[in-house]
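input_28.cif (mmCIF, C-alpha atoms)
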data_protein
#
loop_
_atom_site.label_atom_id
_atom_site.label_comp_id
_atom_site.auth_asym_id
_atom_site.auth_seq_id
_atom_site.Cartn_x
_atom_site.Cartn_y
_atom_site.Cartn_z
CA MET B 1 8.55 14.96 -24.39
CA LYS B 2 9.36 11.65 -22.75
CA LEU B 3 7.18 8.70 -21.83
CA ILE B 4 8.02 6.06 -19.24
CA CYS B 5 6.40 2.89 -20.50
CA GLU B 6 6.83 -0.72 -21.59
CA THR B 7 7.51 -1.56 -25.22
CA CYS B 8 7.80 -4.59 -27.44
CA VAL B 9 9.58 -4.13 -30.79
CA ILE B 10 8.48 -6.49 -33.55
CA SER B 11 10.39 -6.71 -36.81
CA ARG B 12 8.13 -7.28 -39.78
CA ALA B 13 11.14 -8.45 -41.82
CA VAL B 14 11.90 -11.24 -39.34
CA PRO B 15 8.60 -12.58 -37.99
CA SER B 16 8.72 -13.95 -34.47
CA THR B 17 6.08 -15.32 -32.15
CA LYS B 18 7.93 -14.37 -28.96
CA ARG B 19 6.94 -10.97 -27.60
CA VAL B 20 8.75 -9.57 -24.57
CA PHE B 21 7.91 -6.16 -23.08
CA GLN B 22 10.73 -4.13 -21.54
CA LYS B 23 10.86 -1.05 -19.34
CA THR B 24 11.45 1.80 -21.77
CA VAL B 25 11.85 5.53 -22.17
CA LEU B 26 10.27 6.89 -25.35
CA ALA B 27 11.26 10.46 -26.17
CA ILE B 28 10.43 12.84 -29.03
CA GLY B 29 13.06 15.41 -29.97
CA LYS B 30 15.66 16.55 -32.42
CA ASN B 31 18.44 14.26 -33.60
CA VAL B 32 21.69 16.02 -32.68
CA ASP B 33 23.79 13.43 -34.54
CA LYS B 34 22.84 15.00 -37.88
CA LYS B 35 23.12 18.60 -39.06
CA SER B 36 19.56 18.60 -40.33
CA GLU B 37 18.29 17.96 -36.75
CA GLU B 38 15.53 15.71 -37.95
CA THR B 39 12.72 14.98 -35.50
CA VAL B 40 12.97 11.46 -34.16
CA ILE B 41 11.55 9.09 -31.58
CA MET B 42 14.25 7.61 -29.38
CA LEU B 43 13.65 4.27 -27.65
CA ILE B 44 15.90 3.50 -24.67
CA THR B 45 15.90 0.33 -22.56
CA ASN B 46 18.28 -1.10 -19.97
CA ALA B 47 19.57 -3.48 -22.64
CA ASN B 48 20.04 -0.66 -25.17
CA LYS B 49 21.09 2.45 -23.27
CA ALA B 50 22.47 4.11 -26.41
CA GLY B 51 18.93 4.14 -27.76
CA THR B 52 17.28 3.33 -31.08
CA LYS B 53 16.20 6.30 -33.16
CA TYR B 54 13.24 6.33 -35.56
CA ASN B 55 12.63 9.20 -37.96
CA ILE B 56 9.09 10.57 -37.65
CA LYS B 57 8.26 12.56 -40.79
CA LYS B 58 7.25 10.38 -43.74
CA ASN B 59 8.36 7.31 -41.78
CA ILE B 60 5.26 6.42 -39.75
CA SER B 61 2.85 4.32 -41.77
CA LYS B 62 0.17 3.76 -39.13
CA ILE B 63 -0.64 4.41 -35.47
CA PHE B 64 -3.07 1.89 -34.01
CA THR B 65 -5.08 3.47 -31.18
CA ARG B 66 -8.00 1.09 -30.87
CA PHE B 67 -6.95 0.11 -27.33
CA LEU B 68 -5.82 3.57 -26.20
CA SER B 69 -8.43 3.52 -23.41
CA GLU B 70 -6.52 0.53 -21.98
CA GLY B 71 -3.15 2.31 -22.28
CA LYS B 72 -2.01 0.42 -25.40
CA VAL B 73 -1.00 1.68 -28.86
CA THR B 74 1.17 0.42 -31.72
CA ILE B 75 3.36 2.64 -33.90
CA SER B 76 4.33 1.16 -37.27
CA PHE B 77 7.53 2.51 -38.90
CA ARG B 78 8.57 2.13 -42.54
CA ILE B 79 12.36 2.20 -41.99
CA PRO B 80 13.29 0.04 -40.24
CA GLU B 81 10.30 -2.24 -40.60
CA HIS B 82 9.39 -2.21 -36.92
CA ASP B 83 6.09 -2.26 -35.08
CA VAL B 84 6.56 -0.75 -31.61
CA GLN B 85 3.88 -1.84 -29.17
CA VAL B 86 3.54 0.58 -26.24
CA LYS B 87 1.89 0.11 -22.83
CA SER B 88 1.63 3.03 -20.41
CA GLU B 89 -0.77 5.09 -18.30
CA VAL B 90 -3.66 6.38 -20.39
CA VAL B 91 -3.21 10.08 -19.58
CA GLN B 92 0.54 10.10 -20.23
CA LEU B 93 0.19 8.01 -23.38
CA THR B 94 -2.50 10.35 -24.71
CA GLY B 95 -0.23 13.34 -24.09
CA PHE B 96 2.61 11.62 -25.92
CA LEU B 97 0.38 11.00 -28.95
CA LYS B 98 -0.72 14.64 -28.98
CA VAL B 99 2.91 15.75 -29.18
CA LEU B 100 3.52 13.20 -31.92
CA LYS B 101 0.52 14.55 -33.85
CA SER B 102 1.87 18.10 -33.49
CA VAL B 103 5.19 16.97 -34.97
CA LEU B 104 3.47 15.29 -37.92
CA THR B 105 1.32 18.36 -38.64
CA GLY B 106 4.14 20.82 -37.90
CA GLU B 107 2.09 22.99 -35.54
CA GLN B 108 0.91 22.93 -31.95
CA ALA B 109 -2.48 24.25 -30.84
CA THR B 110 -2.69 26.98 -28.16
CA GLY B 111 -5.41 27.91 -25.71
CA ASP B 112 -6.83 30.75 -27.86
CA GLY B 113 -7.44 28.48 -30.86
CA SER B 114 -4.35 29.55 -32.81
CA SER B 115 -1.30 27.38 -33.51
CA VAL B 116 2.45 27.84 -33.18
CA PRO B 117 5.43 25.82 -34.45
CA VAL B 118 6.21 22.96 -32.11
CA LYS B 119 9.45 23.25 -30.13
CA LEU B 120 11.30 20.09 -29.17
CA PRO B 121 14.47 19.46 -27.13
CA CYS B 122 17.64 17.88 -28.49
CA LEU B 123 17.97 14.19 -27.68
CA THR B 124 21.23 12.91 -26.22
CA VAL B 125 22.35 10.42 -23.63
CA ALA B 126 25.76 12.06 -23.17
CA ASN B 127 26.61 13.26 -19.67
CA LYS B 128 28.03 16.54 -20.98
CA LYS B 129 24.70 17.77 -22.28
CA THR B 130 21.46 18.26 -20.41
CA SER B 131 18.42 16.68 -21.91
CA VAL B 132 15.31 14.71 -21.03
CA LEU B 133 17.45 11.56 -21.26
CA SER B 134 20.46 12.72 -19.23
CA SER B 135 19.39 10.96 -16.00
CA ALA B 136 20.93 7.51 -15.62
CA LYS B 137 18.19 6.60 -13.13
CA VAL B 138 15.24 7.14 -15.44
CA LEU B 139 14.69 3.36 -15.77
CA ALA B 140 15.73 2.48 -12.21
CA THR B 141 13.49 0.15 -10.21
CA LYS B 142 15.18 0.76 -6.84
CA CYS B 143 16.06 4.04 -5.12
CA VAL B 144 17.81 4.61 -1.76
CA ILE B 145 17.96 8.13 -0.25
CA LYS B 146 19.88 8.56 2.99
CA SER B 147 20.88 12.22 2.69
CA ARG B 148 19.33 15.41 1.34
CA GLY B 149 21.85 15.44 -1.49
CA ASP B 150 20.56 12.08 -2.76
CA TYR B 151 17.08 13.43 -3.40
CA PRO B 152 16.33 13.44 -7.17
CA LEU B 153 15.78 16.95 -8.53
CA LYS B 154 13.75 15.73 -11.51
CA GLY B 155 11.51 13.40 -9.55
CA PHE B 156 11.44 9.65 -9.11
CA SER B 157 11.55 7.09 -11.87
CA ARG B 158 8.01 5.88 -12.54
CA ASN B 159 9.38 2.34 -12.71
CA LEU B 160 10.39 2.24 -9.04
CA VAL B 161 9.48 -0.95 -7.24
CA SER B 162 11.45 -0.22 -4.06
CA LEU B 163 12.00 3.20 -2.44
CA THR B 164 13.93 4.04 0.75
CA ILE B 165 13.97 7.54 2.24
CA SER B 166 15.47 7.36 5.72
CA ASP B 167 17.38 9.50 8.24
CA ILE B 168 16.83 12.83 6.43
CA LYS B 169 14.34 14.39 8.90
CA LEU B 170 11.53 14.32 6.34
CA SER B 171 8.58 16.18 7.92
CA ARG B 172 6.05 15.94 5.07
CA PHE B 173 5.09 13.00 2.93
CA ASP B 174 6.30 13.62 -0.64
CA PRO B 175 3.23 13.55 -2.96
CA GLN B 176 5.47 12.35 -5.81
CA ILE B 177 5.46 8.93 -4.13
CA LEU B 178 1.73 8.62 -4.86
CA LEU B 179 2.51 8.61 -8.61
CA LEU B 180 4.65 5.46 -8.38
CA LYS B 181 2.05 2.90 -9.42
CA ASN B 182 4.61 0.05 -9.56
CA LEU B 183 5.91 0.67 -6.03
CA ARG B 184 5.76 -2.40 -3.79
CA SER B 185 8.26 -1.65 -0.99
CA LEU B 186 8.40 1.71 0.83
CA ASN B 187 10.83 2.54 3.66
CA LEU B 188 10.39 5.91 5.44
CA THR B 189 12.20 5.09 8.69
CA ASN B 190 13.77 7.57 11.11
CA ASN B 191 12.14 10.75 9.84
CA CYS B 192 9.73 13.28 11.36
CA LEU B 193 6.46 12.32 9.69
CA GLU B 194 3.33 13.09 11.72
CA ARG B 195 0.65 12.09 9.20
CA LEU B 196 0.30 9.90 6.14
CA PRO B 197 -2.09 10.89 3.31
CA SER B 198 -5.22 8.82 2.78
CA ALA B 199 -4.18 8.48 -0.89
CA LEU B 200 -1.29 6.24 0.23
CA GLY B 201 -3.87 3.46 0.39
CA GLN B 202 -4.21 3.58 -3.40
CA LEU B 203 -0.72 2.08 -3.80
CA ARG B 204 -0.47 -1.70 -3.83
CA LEU B 205 2.38 -1.89 -1.34
CA SER B 206 3.42 -5.27 0.02
CA ASP B 207 6.08 -3.97 2.45
CA LEU B 208 5.85 -0.69 4.40
CA ASP B 209 8.30 0.46 7.09
CA ILE B 210 7.44 3.73 8.86
CA SER B 211 9.34 3.12 12.09
CA GLY B 212 11.02 5.96 13.94
CA ASN B 213 8.53 8.73 13.11
CA ALA B 214 5.87 10.65 15.11
CA LEU B 215 2.61 9.12 13.92
CA GLN B 216 0.86 9.03 17.32
CA ASN B 217 -1.88 11.38 16.04
CA ASP B 218 -2.34 9.84 12.61
CA LYS B 219 -5.90 8.70 11.78
CA TRP B 220 -4.72 5.74 9.66
CA GLU B 221 -7.37 6.45 7.02
CA TRP B 222 -5.08 5.09 4.29
CA LEU B 223 -5.64 1.60 5.73
CA THR B 224 -9.32 1.72 4.72
CA ASN B 225 -8.52 1.66 0.99
CA PRO B 226 -9.25 -1.74 -0.63
CA ALA B 227 -6.04 -1.60 -2.71
CA ILE B 228 -3.60 -1.62 0.20
CA GLN B 229 -5.89 -3.85 2.28
CA SER B 230 -5.47 -6.64 -0.25
CA SER B 231 -1.73 -6.14 -0.93
CA LEU B 232 0.02 -5.16 2.33
CA GLN B 233 1.86 -8.13 3.86
CA SER B 234 4.47 -6.56 6.16
CA LEU B 235 4.08 -3.40 8.27
CA ARG B 236 6.56 -1.93 10.76
CA ILE B 237 5.41 0.95 12.99
CA ALA B 238 8.00 0.71 15.76
CA GLN B 239 9.04 3.80 17.77
CA ASN B 240 6.15 6.09 16.88
CA ASN B 241 4.94 7.02 20.41
CA LEU B 242 1.65 5.17 19.79
CA THR B 243 -0.63 4.81 22.82
CA TYR B 244 -3.10 2.60 20.94
CA PHE B 245 -3.26 -0.24 18.45
CA PRO B 246 -4.39 1.25 15.08
CA ILE B 247 -7.89 -0.25 14.77
CA ASN B 248 -7.93 0.01 10.97
CA LEU B 249 -5.32 -2.74 10.86
CA ILE B 250 -8.12 -5.27 11.29
CA TYR B 251 -9.18 -4.62 7.67
CA THR B 252 -5.84 -5.65 6.15
CA ARG B 253 -6.73 -9.02 4.67
CA ALA B 254 -3.21 -10.03 3.57
CA LEU B 255 -1.12 -8.73 6.48
CA VAL B 256 1.29 -11.42 7.73
CA LYS B 257 3.79 -9.46 9.83
CA VAL B 258 3.25 -6.45 12.14
CA ASP B 259 5.97 -4.79 14.21
CA LEU B 260 4.73 -2.37 16.91
CA GLN B 261 7.64 -2.57 19.33
CA SER B 262 8.90 0.37 21.41
CA ASN B 263 5.61 2.28 21.64
CA HIS B 264 3.26 3.01 24.58
CA ILE B 265 0.38 0.67 23.70
CA GLN B 266 -1.70 -0.40 26.72
CA LYS B 267 -4.55 -2.43 25.19
CA LEU B 268 -5.25 -4.47 22.07
CA PRO B 269 -8.70 -4.31 20.43
CA PHE B 270 -10.97 -7.35 20.76
CA ALA B 271 -11.33 -7.29 16.97
CA VAL B 272 -7.65 -8.14 16.46
CA TRP B 273 -8.74 -11.73 15.74
CA LYS B 274 -10.17 -10.47 12.42
CA MET B 275 -6.58 -10.38 11.09
CA SER B 276 -6.80 -13.98 9.93
CA GLN B 277 -3.55 -14.00 7.90
CA LEU B 278 -1.39 -12.53 10.68
CA ARG B 279 1.48 -14.82 11.70
CA PHE B 280 4.16 -12.58 13.29
CA LEU B 281 3.26 -9.91 15.87
CA ASN B 282 5.90 -7.92 17.73
CA LEU B 283 4.53 -5.95 20.71
CA SER B 284 7.69 -5.84 22.82
CA LYS B 285 8.62 -2.76 24.86
CA ASN B 286 5.07 -1.45 25.31
CA GLN B 287 2.77 -1.11 28.35
CA ILE B 288 0.41 -4.03 27.76
CA THR B 289 -1.11 -5.65 30.88
CA ALA B 290 -3.35 -8.23 29.15
CA VAL B 291 -4.44 -9.40 25.71
CA PRO B 292 -8.01 -9.98 24.47
CA GLU B 293 -9.25 -13.56 24.78
CA SER B 294 -10.22 -13.44 21.10
CA MET B 295 -6.50 -13.81 20.25
CA SER B 296 -6.83 -17.50 21.13
CA ARG B 297 -8.81 -17.85 17.89
CA MET B 298 -5.76 -16.80 15.86
CA LYS B 299 -3.13 -19.16 14.46
CA LEU B 300 0.17 -17.39 15.04
CA ASP B 301 3.78 -18.38 14.45
CA GLN B 302 5.40 -15.86 16.78
CA VAL B 303 4.19 -13.27 19.30
CA ASP B 304 6.68 -11.12 21.23
CA LEU B 305 5.26 -9.59 24.44
CA SER B 306 8.55 -9.13 26.28
CA GLU B 307 9.26 -5.97 28.29
CA ASN B 308 5.59 -5.12 28.90
CA LYS B 309 3.58 -4.69 32.12
CA LEU B 310 2.16 -8.20 32.26
CA ALA B 311 1.30 -9.63 35.70
CA THR B 312 3.88 -11.67 37.58
CA ASP B 313 1.51 -13.65 39.86
CA SER B 314 -1.01 -16.15 38.50
CA LEU B 315 -2.71 -16.75 41.87
CA THR B 316 -4.63 -13.47 41.98
CA VAL B 317 -6.89 -13.26 38.96
CA PRO B 318 -8.92 -10.04 39.13
CA ASP B 319 -12.67 -10.36 38.57
CA LEU B 320 -13.97 -7.52 36.39
CA ARG B 321 -17.46 -8.82 35.69
CA ILE B 322 -20.08 -6.18 35.06
CA ALA B 323 -23.41 -6.68 36.84
CA ASP B 324 -26.29 -7.78 34.62
CA VAL B 325 -28.60 -4.92 33.66
CA ARG B 326 -32.19 -6.15 33.54
CA GLY B 327 -34.88 -4.55 31.45
CA GLN B 328 -32.51 -2.58 29.22
CA VAL B 329 -33.91 -2.18 25.70
CA PRO B 330 -31.22 -2.75 23.03
CA ALA B 331 -30.67 -0.17 20.33
CA LEU B 332 -32.17 -0.68 16.86
CA TRP B 333 -28.75 -1.23 15.27
CA GLU B 334 -28.01 -3.91 17.86
CA MET B 335 -31.27 -5.74 17.12
CA ALA B 336 -30.45 -5.65 13.38
CA ALA B 337 -26.92 -6.94 14.02
CA ARG B 338 -28.26 -9.77 16.19
CA VAL B 339 -30.53 -10.91 13.36
CA VAL B 340 -27.61 -10.90 10.88
CA VAL B 341 -25.50 -13.01 13.26
CA ALA B 342 -28.29 -15.38 14.29
CA ARG B 343 -29.25 -16.16 10.69
CA LYS B 344 -25.60 -16.29 9.56
CA ILE B 345 -26.23 -13.75 6.81
CA TYR B 346 -23.15 -12.93 4.72
CA TYR B 347 -22.45 -9.21 4.83
CA THR B 348 -19.95 -6.71 3.49
CA THR B 349 -19.77 -2.96 2.95
CA GLY B 350 -22.44 -1.93 0.46
CA MET B 351 -24.81 -4.80 1.29
CA ILE B 352 -25.76 -3.39 4.69
CA PRO B 353 -25.10 0.11 6.13
CA PHE B 354 -21.42 0.91 6.66
CA LEU B 355 -22.03 1.84 10.32
CA LEU B 356 -23.47 -1.61 10.98
CA VAL B 357 -20.47 -3.28 9.32
CA GLU B 358 -18.12 -1.21 11.48
CA ILE B 359 -19.98 -2.11 14.65
CA MET B 360 -20.05 -5.82 13.86
CA ASN B 361 -16.36 -5.85 12.99
CA ARG B 362 -15.38 -4.18 16.26
CA THR B 363 -17.85 -5.84 18.65
CA PRO B 364 -16.12 -8.21 21.12
CA ILE B 365 -16.75 -11.93 20.75
CA CYS B 366 -17.66 -14.38 23.49
CA GLY B 367 -15.89 -17.68 24.00
CA CYS B 368 -19.02 -19.43 22.71
CA GLY B 369 -18.69 -17.58 19.38
CA LEU B 370 -21.50 -15.03 19.77
CA LEU B 371 -20.91 -11.29 19.51
CA CYS B 372 -21.24 -9.38 22.78
CA PHE B 373 -23.32 -6.24 22.33
CA THR B 374 -23.72 -3.43 24.85
CA SER B 375 -26.90 -4.72 26.44
CA LYS B 376 -25.23 -7.87 27.85
CA VAL B 377 -21.48 -7.76 28.42
CA TYR B 378 -19.67 -9.43 31.32
CA GLU B 379 -15.95 -8.94 31.65
CA ARG B 380 -13.14 -10.41 33.72
CA ALA B 381 -9.51 -11.45 33.35
CA LYS B 382 -8.08 -14.98 33.32
CA VAL B 383 -4.86 -16.75 32.41
CA ILE B 384 -4.80 -17.63 28.69
CA LYS B 385 -2.78 -19.84 26.37
CA LEU B 386 -2.42 -18.60 22.80
CA ASN B 387 -2.40 -20.82 19.73
CA CYS B 388 1.16 -19.76 18.97
CA GLN B 389 4.33 -21.71 18.14
CA HIS B 390 6.72 -19.18 19.72
CA LEU B 391 5.45 -16.94 22.54
CA ILE B 392 8.10 -14.60 23.94
CA LEU B 393 7.54 -13.36 27.51
CA ASN B 394 9.71 -12.24 30.37
CA SER B 395 10.58 -15.24 32.57
CA ASN B 396 8.37 -14.14 35.50
CA HIS B 397 5.38 -12.93 33.48
CA VAL B 398 1.93 -14.53 33.18
CA LEU B 399 -0.35 -13.81 30.25
CA TYR B 400 -3.83 -12.62 31.26
CA ALA B 401 -6.76 -12.21 28.89
CA ASP B 402 -9.53 -9.65 28.95
CA SER B 403 -12.62 -11.79 28.38
CA VAL B 404 -16.17 -10.83 27.43
CA PHE B 405 -19.31 -12.92 27.76
CA CYS B 406 -22.58 -12.72 25.91
CA SER B 407 -24.66 -13.83 28.92
CA GLN B 408 -24.54 -14.59 32.63
CA ARG B 409 -24.64 -18.30 31.77
CA CYS B 410 -21.43 -18.08 29.68
CA SER B 411 -19.78 -16.07 32.43
CA ALA B 412 -20.56 -18.78 35.02
CA ARG B 413 -19.12 -21.53 32.84
CA GLN B 414 -15.64 -20.01 32.72
#

For the structure just supplied, provide its representation as structure tokens.
Amino acid sequence: MKLICETCVISRAVPSTKRVFQKTVLAIGKNVDKKSEETVIMLITNANKAGTKYNIKKNISKIFTRFLSEGKVTISFRIPEHDVQVKSEVVQLTGFLKVLKSVLTGEQATGDGSSVPVKLPCLTVANKKTSVLSSAKVLATKCVIKSRGDYPLKGFSRNLVSLTISDIKLSRFDPQILLLKNLRSLNLTNNCLERLPSALGQLRLSDLDISGNALQNDKWEWLTNPAIQSSLQSLRIAQNNLTYFPINLIYTRALVKVDLQSNHIQKLPFAVWKMSQLRFLNLSKNQITAVPESMSRMKLDQVDLSENKLATDSLTVPDLRIADVRGQVPALWEMAARVVVARKIYYTTGMIPFLLVEIMNRTPICGCGLLCFTSKVYERAKVIKLNCQHLILNSNHVLYADSVFCSQRCSARQ
């Protein structure tokens, strides 16, 4: 039985106020260094790869489990006089304590209510013997896999912060990745992935690169999870045969950099301006003809729109205004949304119906600042200048904007 955790060893003989937790492997097994094969707990860290061994029987004075629900326990040993503070996932830590209890009692319970003698593996860190501690990567924080032979047979280290799996024609997302709670950077480039699980959104990734896959039919449900919405800062989705801009990106509150180059995107959603933290946007090598006027509300550092289908002549500005429809009764949801906007009522999911939140997030916005609902929308294209420090275009291209207007009056002004 092994436990990937963090530990802090405190010597009662030499009191110290400084407490430093280290990435650790705790394992229960038999001590092969002695003929008696006493049962021990081995503590291995990057600083002490040989491991520290603690006898279990008649050597544990107390086990403090008051904060077990928070994933914290303390094991107090008699010899040496050490208190080992442990922090880990609650389920795994509970399982570890159950094995420890079985060792102390000498028996292990079975499903039918009976008990059998507990069986434990031999502990060793030698390369010649196979054991739960034989992997040198068990405490690794970074893993790079660029061939099938590099794939770990015993799973990934739970301490991984950075994981790269590229150029191995991976066709299915490995569910083991979802167990890596410390993961912050994930690179899955140049594979054959067609879908990503919605549970991916539970990870607090800051950097995700999924370029060079086949995600054109993915629903992007993982982007609706609050965990990844608040943590993701950089996202690369280049070369995925996308014909659309993933609308769920507008909910990523911390996203700073997005790379969508070399796809087949034709239009950007009007709600793209909701991405208030976005600073770098790469849309090169797509099929974009115009951008939404709402992008002028964004403060961007760099936008790359080179090698798209932007117009080359600024003299002919097409007029796409929709004729005013008189006497049309707005829908009930629209009337409710208008009241929320007019009275400047703060809203979020849970305070008002989710459907209404979705509609208000995706409804186009007029240049005057009002939302444009279906009953009164006027649309045309015009030349636009973005609030951007570095705008990259082809030399002969002109940037048009798809504009919407909340009323005929606003349409006439522009």

(request) Kindly indicate which residue among B:Leu3, B:Thr312, B:Arg195, B:Gln92 lies nearest to Asn240 (chain B), using all atoms listed in the file for the distances. (result)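 Counting all atoms listed in the file, the residue closest to Asn240 (chain B) is B:Arg195.
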
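Our summary of the geometry notes that CA of Ser11 (chain B) is positioned 20.9 Å from CA of Phe67 (chain B).
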
(message) Could you check which residues have any atom within 8 Å of (-4.3, -2.5, -3.2), counting only C-alpha atoms with coordinates taken straight from the file, and then list them as number ranges by chain?
(response) B: 201-205, 225-232

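Straight-line separation from CA of Ala140 (chain B) to CA of Leu163 (chain B): 10.5 Å.
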
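Nearest residue to Ala336 (chain B) among B:Met351, B:Thr289, B:Asp207, B:Leu356 is B:Leu356, counting only C-alpha atoms.
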
(request) Would you mind listing what lies within 9 Å of Ala214 (chain B) as a PyMOL selection string, with only C-alpha atoms counted and same-chain residues fewer than 4 positions away left out? (result) chain B and resi 191-195+218+239-242

(request) Please provide the set of residues having any atom within 8 Å of Phe64 (chain B), restricted to only C-alpha atoms, with same-chain residues fewer than 2 positions apart removed, written as number ranges by chain. (result) B: 62, 66-67, 73-75

Show me, as a tab-separated table (two decimals) with C-alpha atoms, keeping the file's coordinate frame, the residues that have an atom within 8 Å of region 281-283 of chain B when counting all atoms listed in the file, minus same-chain residues fewer than 4 positions from it.
chain	number	residue	atom	x	y	z
B	257	LYS	CA	3.79	-9.46	9.83
B	258	VAL	CA	3.25	-6.45	12.14
B	259	ASP	CA	5.97	-4.79	14.21
B	260	LEU	CA	4.73	-2.37	16.91
B	261	GLN	CA	7.64	-2.57	19.33
B	262	SER	CA	8.90	0.37	21.41
B	302	GLN	CA	5.40	-15.86	16.78
B	303	VAL	CA	4.19	-13.27	19.30
B	304	ASP	CA	6.68	-11.12	21.23
B	305	LEU	CA	5.26	-9.59	24.44
B	306	SER	CA	8.55	-9.13	26.28

(request) Could you check which of B:Leu97, B:Ile352, B:Ala311, B:Leu371 is closest to Asn396 (chain B), using all atoms listed in the file? (result)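 Under the stated criterion, the closest residue is B:Ala311.
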